[in-house]
>>> print(open('query-v2.pdb').read())   # PDB, C-alpha atoms
ATOM      1  CA  SER A   1      15.376 -24.233 -16.158
ATOM      2  CA  MET A   2      11.983 -22.718 -15.452
ATOM      3  CA  ASP A   3      11.612 -19.002 -16.176
ATOM      4  CA  PRO A   4      10.108 -17.452 -13.013
ATOM      5  CA  PHE A   5       8.856 -14.507 -15.081
ATOM      6  CA  LYS A   6       6.800 -16.662 -17.441
ATOM      7  CA  ILE A   7       3.646 -16.192 -15.351
ATOM      8  CA  VAL A   8       3.846 -12.385 -15.626
ATOM      9  CA  ALA A   9       1.530 -10.789 -18.201
ATOM     10  CA  ASP A  10       3.317 -10.420 -21.564
ATOM     11  CA  GLU A  11       3.428  -6.621 -21.643
ATOM     12  CA  GLN A  12       4.761  -6.408 -18.075
ATOM     13  CA  ARG A  13       7.295  -9.264 -18.138
ATOM     14  CA  GLU A  14      10.395  -7.381 -19.286
ATOM     15  CA  ASP A  15       9.685  -4.488 -16.925
ATOM     16  CA  VAL A  16       9.473  -6.829 -13.922
ATOM     17  CA  ARG A  17      12.586  -8.712 -15.056
ATOM     18  CA  ALA A  18      14.473  -5.387 -15.317
ATOM     19  CA  LYS A  19      13.340  -4.305 -11.834
ATOM     20  CA  VAL A  20      14.550  -7.560 -10.282
ATOM     21  CA  SER A  21      17.900  -7.297 -12.044
ATOM     22  CA  ASP A  22      18.222  -3.698 -10.857
ATOM     23  CA  GLN A  23      17.408  -4.717  -7.277
ATOM     24  CA  VAL A  24      20.195  -7.338  -7.278
ATOM     25  CA  ALA A  25      22.718  -5.145  -9.092
ATOM     26  CA  LYS A  26      22.194  -2.154  -6.789
ATOM     27  CA  GLY A  27      21.745  -4.181  -3.597
ATOM     28  CA  LYS A  28      18.291  -2.766  -2.810
ATOM     29  CA  ASP A  29      17.090  -4.479   0.378
ATOM     30  CA  HIS A  30      13.343  -4.082  -0.197
ATOM     31  CA  VAL A  31      11.409  -3.515  -3.417
ATOM     32  CA  ASN A  32       7.681  -3.909  -4.085
ATOM     33  CA  TYR A  33       6.288  -4.980  -7.438
ATOM     34  CA  SER A  34       2.744  -4.793  -8.757
ATOM     35  CA  TYR A  35       1.930  -6.904 -11.789
ATOM     36  CA  GLN A  36      -0.672  -9.194 -13.305
ATOM     37  CA  LEU A  37      -0.443 -12.973 -13.463
ATOM     38  CA  GLU A  38      -1.505 -14.629 -16.695
ATOM     39  CA  GLY A  39      -3.608 -17.692 -15.797
ATOM     40  CA  ARG A  40      -3.946 -20.823 -17.914
ATOM     41  CA  ASN A  41      -7.574 -19.942 -18.600
ATOM     42  CA  GLY A  42      -6.622 -16.496 -19.883
ATOM     43  CA  GLN A  43      -7.892 -14.702 -16.790
ATOM     44  CA  ARG A  44      -5.607 -12.273 -15.021
ATOM     45  CA  ARG A  45      -5.018 -11.724 -11.318
ATOM     46  CA  ASP A  46      -3.469  -8.655  -9.715
ATOM     47  CA  LEU A  47      -0.477  -9.482  -7.527
ATOM     48  CA  GLU A  48       1.447  -7.407  -5.007
ATOM     49  CA  VAL A  49       4.927  -8.790  -4.382
ATOM     50  CA  LEU A  50       7.041  -7.712  -1.414
ATOM     51  CA  THR A  51      10.683  -8.667  -1.925
ATOM     52  CA  SER A  52      13.705  -8.777   0.339
ATOM     53  CA  LEU A  53      17.290  -9.227  -0.861
ATOM     54  CA  PHE A  54      19.563 -11.538   1.172
ATOM     55  CA  ARG A  55      22.533 -13.895   0.811
ATOM     56  CA  TYR A  56      22.021 -17.653   0.334
ATOM     57  CA  ASN A  57      25.028 -19.947  -0.071
ATOM     58  CA  ASP A  58      27.067 -16.791  -0.533
ATOM     59  CA  ARG A  59      24.979 -15.712  -3.515
ATOM     60  CA  PRO A  60      22.324 -12.972  -3.799
ATOM     61  CA  ALA A  61      18.791 -14.298  -3.468
ATOM     62  CA  ILE A  62      15.351 -12.693  -3.318
ATOM     63  CA  LEU A  63      12.695 -13.650  -0.797
ATOM     64  CA  ALA A  64       9.252 -12.817  -2.183
ATOM     65  CA  SER A  65       5.894 -12.608  -0.414
ATOM     66  CA  VAL A  66       3.044 -12.647  -2.949
ATOM     67  CA  MET A  67      -0.471 -11.370  -2.252
ATOM     68  CA  ASP A  68      -3.471 -11.617  -4.567
ATOM     69  CA  THR A  69      -4.956  -8.098  -4.605
ATOM     70  CA  THR A  70      -7.450  -8.536  -7.459
ATOM     71  CA  ASN A  71     -10.609  -8.051  -5.407
ATOM     72  CA  GLN A  72      -9.363  -5.196  -3.261
ATOM     73  CA  ASN A  73      -7.958  -3.397  -6.323
ATOM     74  CA  ALA A  74     -11.376  -3.620  -7.954
ATOM     75  CA  ILE A  75     -12.937  -1.997  -4.879
ATOM     76  CA  PHE A  76     -10.185   0.627  -4.773
ATOM     77  CA  HIS A  77     -10.673   1.651  -8.418
ATOM     78  CA  GLN A  78     -14.457   1.723  -8.095
ATOM     79  CA  LEU A  79     -14.155   4.034  -5.102
ATOM     80  CA  ARG A  80     -11.671   6.283  -6.877
ATOM     81  CA  GLU A  81     -13.769   6.565 -10.011
ATOM     82  CA  SER A  82     -17.105   7.068  -8.254
ATOM     83  CA  GLN A  83     -18.522  10.552  -8.470
ATOM     84  CA  TYR A  84     -19.916  10.055  -5.000
ATOM     85  CA  PHE A  85     -18.227   8.070  -2.267
ATOM     86  CA  ASN A  86     -19.783   4.643  -1.874
ATOM     87  CA  GLU A  87     -19.630   3.895   1.849
ATOM     88  CA  LYS A  88     -21.236   0.474   1.487
ATOM     89  CA  LEU A  89     -18.524  -0.512  -0.983
ATOM     90  CA  ALA A  90     -15.781   0.828   1.287
ATOM     91  CA  GLN A  91     -17.052  -1.222   4.214
ATOM     92  CA  THR A  92     -16.624  -4.429   2.206
ATOM     93  CA  SER A  93     -12.915  -3.754   1.631
ATOM     94  CA  PRO A  94     -10.427  -5.942   3.545
ATOM     95  CA  ASN A  95      -8.223  -2.849   3.876
ATOM     96  CA  LEU A  96      -8.334   0.242   6.042
ATOM     97  CA  ILE A  97      -9.647   3.130   3.911
ATOM     98  CA  VAL A  98      -9.409   6.796   4.912
ATOM     99  CA  ILE A  99     -10.101  10.089   3.172
ATOM    100  CA  PHE A 100      -8.069  13.146   4.153
ATOM    101  CA  ASP A 101      -9.269  16.681   3.386
ATOM    102  CA  TYR A 102      -6.522  19.244   2.752
ATOM    103  CA  THR A 103      -9.018  22.110   3.120
ATOM    104  CA  THR A 104     -10.035  21.284   6.687
ATOM    105  CA  MET A 105      -6.839  19.303   7.468
ATOM    106  CA  THR A 106      -8.966  16.499   8.906
ATOM    107  CA  TYR A 107      -9.908  12.935   8.045
ATOM    108  CA  THR A 108     -13.466  12.961   6.732
ATOM    109  CA  TYR A 109     -13.908   9.186   6.527
ATOM    110  CA  ALA A 110     -12.511   5.935   7.888
ATOM    111  CA  ASN A 111     -14.107   2.538   7.344
ATOM    112  CA  GLY A 112     -14.623  -0.075  10.066
ATOM    113  CA  LYS A 113     -11.091  -1.428   9.646
ATOM    114  CA  MET A 114      -9.800   1.589  11.560
ATOM    115  CA  GLN A 115     -11.357   0.242  14.751
ATOM    116  CA  GLU A 116     -10.654  -3.410  13.902
ATOM    117  CA  LEU A 117      -6.969  -3.064  13.005
ATOM    118  CA  LEU A 118      -5.859  -0.083  15.089
ATOM    119  CA  GLY A 119      -8.528   0.317  17.797
ATOM    120  CA  HIS A 120      -9.134   3.975  16.908
ATOM    121  CA  THR A 121     -12.268   5.865  15.900
ATOM    122  CA  LEU A 122     -12.445   8.658  13.327
ATOM    123  CA  LYS A 123     -12.973  11.190  16.121
ATOM    124  CA  ALA A 124      -9.919   9.930  18.009
ATOM    125  CA  LEU A 125      -7.903  10.042  14.798
ATOM    126  CA  ASN A 126      -8.705  13.719  14.274
ATOM    127  CA  ASN A 127      -7.978  14.492  17.928
ATOM    128  CA  THR A 128      -4.509  12.928  17.703
ATOM    129  CA  GLN A 129      -1.639  15.275  16.960
ATOM    130  CA  ASP A 130      -0.506  14.678  13.359
ATOM    131  CA  GLY A 131      -3.306  12.123  12.869
ATOM    132  CA  LEU A 132      -2.112   8.785  11.502
ATOM    133  CA  THR A 133       1.415  10.155  11.104
ATOM    134  CA  GLY A 134       1.536  10.743  14.865
ATOM    135  CA  MET A 135       0.663   7.065  15.403
ATOM    136  CA  MET A 136       3.473   5.816  13.186
ATOM    137  CA  ASP A 137       6.851   4.451  14.148
ATOM    138  CA  PRO A 138       9.178   7.452  14.628
ATOM    139  CA  GLU A 139      11.396   6.115  11.841
ATOM    140  CA  ASP A 140       8.466   6.321   9.394
ATOM    141  CA  GLN A 141       7.089   9.744  10.333
ATOM    142  CA  ALA A 142       9.457  11.773   8.138
ATOM    143  CA  LYS A 143       8.570   9.545   5.167
ATOM    144  CA  SER A 144       4.859  10.025   5.868
ATOM    145  CA  ARG A 145       5.193  13.828   6.036
ATOM    146  CA  ARG A 146       7.130  13.888   2.763
ATOM    147  CA  ILE A 147       4.454  11.830   1.021
ATOM    148  CA  PHE A 148       1.754  14.046   2.553
ATOM    149  CA  GLN A 149       3.250  16.992   0.648
ATOM    150  CA  GLU A 150       3.934  14.993  -2.524
ATOM    151  CA  ASN A 151       0.291  13.919  -2.696
ATOM    152  CA  ARG A 152      -0.783  17.520  -3.336
ATOM    153  CA  GLN A 153       0.934  17.318  -6.742
ATOM    154  CA  LEU A 154      -0.475  13.931  -7.799
ATOM    155  CA  ALA A 155      -2.185  13.830 -11.178
ATOM    156  CA  ASP A 156      -5.572  12.156 -11.473
ATOM    157  CA  GLY A 157      -5.103   8.393 -11.670
ATOM    158  CA  ALA A 158      -1.601   8.570 -10.196
ATOM    159  CA  MET A 159      -0.707   6.798  -6.945
ATOM    160  CA  ASN A 160       1.845   7.107  -4.169
ATOM    161  CA  GLN A 161       2.873   3.837  -2.525
ATOM    162  CA  CYS A 162       4.973   3.095   0.561
ATOM    163  CA  GLU A 163       5.318   0.813   3.595
ATOM    164  CA  LEU A 164       4.670   2.244   7.065
ATOM    165  CA  ARG A 165       4.290   1.021  10.650
ATOM    166  CA  VAL A 166       1.292   2.245  12.676
ATOM    167  CA  ARG A 167       0.819   1.788  16.432
ATOM    168  CA  THR A 168      -2.304   0.023  17.709
ATOM    169  CA  ARG A 169      -4.291   1.569  20.545
ATOM    170  CA  ASP A 170      -4.846  -1.570  22.630
ATOM    171  CA  SER A 171      -1.407  -3.200  22.763
ATOM    172  CA  GLY A 172       0.820  -0.357  21.637
ATOM    173  CA  SER A 173       2.465  -2.701  19.144
ATOM    174  CA  TYR A 174       3.061  -1.707  15.529
ATOM    175  CA  ARG A 175       1.425  -3.143  12.433
ATOM    176  CA  TRP A 176       3.002  -2.939   8.979
ATOM    177  CA  PHE A 177       0.899  -1.476   6.161
ATOM    178  CA  LEU A 178       1.318  -1.097   2.431
ATOM    179  CA  VAL A 179      -0.208   2.348   1.866
ATOM    180  CA  ILE A 180      -1.549   3.580  -1.472
ATOM    181  CA  ASP A 181      -2.661   7.214  -1.856
ATOM    182  CA  THR A 182      -4.560   8.605  -4.842
ATOM    183  CA  PRO A 183      -6.396  11.886  -5.638
ATOM    184  CA  PHE A 184     -10.080  11.732  -4.775
ATOM    185  CA  LYS A 185     -11.577  15.221  -5.066
ATOM    186  CA  ARG A 186     -10.595  18.606  -6.511
ATOM    187  CA  ASN A 187     -12.061  22.086  -6.221
ATOM    188  CA  ALA A 188     -13.298  24.269  -9.107
ATOM    189  CA  ASN A 189      -9.725  25.457  -9.734
ATOM    190  CA  GLY A 190      -8.476  21.903 -10.136
ATOM    191  CA  GLU A 191      -6.576  21.958  -6.849
ATOM    192  CA  LEU A 192      -6.492  18.671  -4.942
ATOM    193  CA  THR A 193      -8.692  18.846  -1.856
ATOM    194  CA  GLN A 194      -9.088  15.198  -0.836
ATOM    195  CA  VAL A 195      -6.884  12.099  -0.968
ATOM    196  CA  LEU A 196      -8.144   8.523  -0.706
ATOM    197  CA  SER A 197      -5.746   6.157   1.075
ATOM    198  CA  THR A 198      -5.878   2.394   1.495
ATOM    199  CA  PHE A 199      -3.823   0.622   4.164
ATOM    200  CA  GLN A 200      -3.190  -3.058   3.412
ATOM    201  CA  ASP A 201      -2.050  -4.988   6.495
ATOM    202  CA  ILE A 202       1.234  -6.763   5.636
ATOM    203  CA  THR A 203       2.305  -7.521   9.230
ATOM    204  CA  GLU A 204       2.229 -11.302   8.762
ATOM    205  CA  GLN A 205       4.174 -11.110   5.512
ATOM    206  CA  LYS A 206       6.843  -9.001   7.220
ATOM    207  CA  ALA A 207       7.059 -11.489  10.103
ATOM    208  CA  ARG A 208       7.467 -14.456   7.735
ATOM    209  CA  GLU A 209      10.069 -12.544   5.783
ATOM    210  CA  GLN A 210      12.074 -11.911   8.941
ATOM    211  CA  GLN A 211      11.804 -15.548  10.066
ATOM    212  CA  LEU A 212      13.143 -16.803   6.740
ATOM    213  CA  LYS A 213      16.015 -14.312   6.812
ATOM    214  CA  ASP A 214      16.936 -15.322  10.386
TER
END
>>> encode(input="query-v2.pdb", output="structure tokens")
Amino acid sequence: SMDPFKIVADEQREDVRAKVSDQVAKGKDHVNYSYQLEGRNGQRRDLEVLTSLFRYNDRPAILASVMDTTNQNAIFHQLRESQYFNEKLAQTSPNLIVIFDYTTMTYTYANGKMQELLGHTLKALNNTQDGLTGMMDPEDQAKSRRIFQENRQLADGAMNQCELRVRTRDSGSYRWFLVIDTPFKRNANGELTQVLSTFQDITEQKAREQQLKD
């Protein structure tokens, strides 16, 4: 039979295989994987896989939604590694990008996706109690506050990743996002002062996942 892990890059294959086995063995409903696909031409693509565990013919099965994140990851890493923030680059990203400043406790930047996806401006965001956390589904707010504190301890190059629901201004409905936080700026003492966050809209993937499970 075909090995579904054969397309995973060699050095990541056993790690992904172990994570899937662990998900089934421990009955984890939702697990996200990030890995690279090894193409026939030798080129690699970055993939983000959202998985959901369910029963099929009375056996455990995994429903996977796969997204190619190669281009947006390239933008993300360029932004993170830039000495100065490149606004033009950020505006080309398909994701919502925000920068939060722990010194002023405000958002200092949000690209155009803030208005497009959520209907909010940067000014409105800073005038909202608890900022983006205050716009989230109540079930996700505690998770967001915990991550907010964890981010202060992130090492350079490290990332925090989670799924959150954020309310839109126009319809009041919620959109699902895969959120990745990473250190962006430190002060002279090495203390983290700014975090760069990208919000990838996964609403459609979540809807398809639910339809297949139903």
>>> resolve_selection(input="query-v2.pdb", expression="the PyMOL selection byres ((chain A and resi 145-147) around 9)", output="list in words")
Thr133, Asp140, Gln141, Ala142, Lys143, Ser144, Phe148, Gln149, Glu150, Asn151, Arg152, Asn160, Gln161, Cys162 and Asp181 of chain A
>>> closest_atom_pairs(input="query-v2.pdb", of="range 63-172 of chain A", to="range 25-41 of chain A", cutoff="12 Å", atoms="only C-alpha atoms", output="Markdown table")
| residue | atom | partner | partner_atom | distance |
| --- | --- | --- | --- | --- |
| A:Leu63 | CA | A:His30 | CA | 9.6 |
| A:Ala64 | CA | A:Asn32 | CA | 9.2 |
| A:Ser65 | CA | A:Asn32 | CA | 9.6 |
| A:Val66 | CA | A:Tyr33 | CA | 9.5 |
| A:Met67 | CA | A:Ser34 | CA | 9.8 |
| A:Asp68 | CA | A:Gln36 | CA | 9.5 |
| A:Thr69 | CA | A:Ser34 | CA | 9.4 |
| A:Thr70 | CA | A:Gln36 | CA | 9.0 |
| A:Asn73 | CA | A:Ser34 | CA | 11.1 |
| A:Gln161 | CA | A:Asn32 | CA | 9.2 |
| A:Cys162 | CA | A:Asn32 | CA | 8.8 |
| A:Glu163 | CA | A:Asn32 | CA | 9.3 |
>>> resolve_selection(input="query-v2.pdb", expression="the PyMOL selection byres ((chain A and resi 193) around 7)", output="VMD selection string")
chain A and resid 101 to 103 185 to 187 191 to 192 194
>>> closest_residue(input="query-v2.pdb", among="A:Ile202, A:Ala207, A:Val24, A:Leu196", to="Arg165 in chain A", atoms="only C-alpha atoms")
A:Ile202
>>> atom_distance(input="query-v2.pdb", atom1="CA of Lys19 in chain A", atom2="CA of Ala158 in chain A")
19.8 Å
>>> resolve_selection(input="query-v2.pdb", expression="the PyMOL selection byres ((chain A and resi 167) around 12)", output="list of chain:residue names")
A:Met114, A:Leu117, A:Leu118, A:Gly119, A:His120, A:Gly131, A:Leu132, A:Thr133, A:Gly134, A:Met135, A:Met136, A:Asp137, A:Pro138, A:Asp140, A:Gln141, A:Leu164, A:Arg165, A:Val166, A:Thr168, A:Arg169, A:Asp170, A:Ser171, A:Gly172, A:Ser173, A:Tyr174, A:Arg175, A:Trp176, A:Phe177, A:Thr203
>>> axis_aligned_box(input="query-v2.pdb", around="range 56-59 of chain A", padding_each_side="5 Å", output="lines of an AutoDock Vina configuration file")
center_x = 24.5
center_y = -17.8
center_z = -1.6
size_x = 15.0
size_y = 14.2
size_z = 13.8
>>> closest_residue(input="query-v2.pdb", among="A:Gln43, A:Gln210, A:Gln23, A:Ser197", to="Ala110 in chain A", atoms="all atoms listed in the file")
A:Ser197
>>> residues_around(input="query-v2.pdb", residues="Phe54 in chain A", least_positions_apart="5", cutoff="9 Å", atoms="all atoms listed in the file", output="count of residues only")
7
>>> closest_residue(input="query-v2.pdb", among="A:Gln129, A:Gln12, A:Gln211, A:Asn111", to="Leu96 in chain A", atoms="all atoms listed in the file")
A:Asn111
>>> atom_distance(input="query-v2.pdb", atom1="CA of Ile180 in chain A", atom2="CA of Phe100 in chain A")
12.9 Å
>>> atom_distance(input="query-v2.pdb", atom1="CA of Val179 in chain A", atom2="CA of Val16 in chain A")
20.7 Å
>>> closest_residue(input="query-v2.pdb", among="A:Leu53, A:Val195, A:Val20, A:Val8", to="Gly157 in chain A", atoms="all atoms listed in the file")
A:Val195
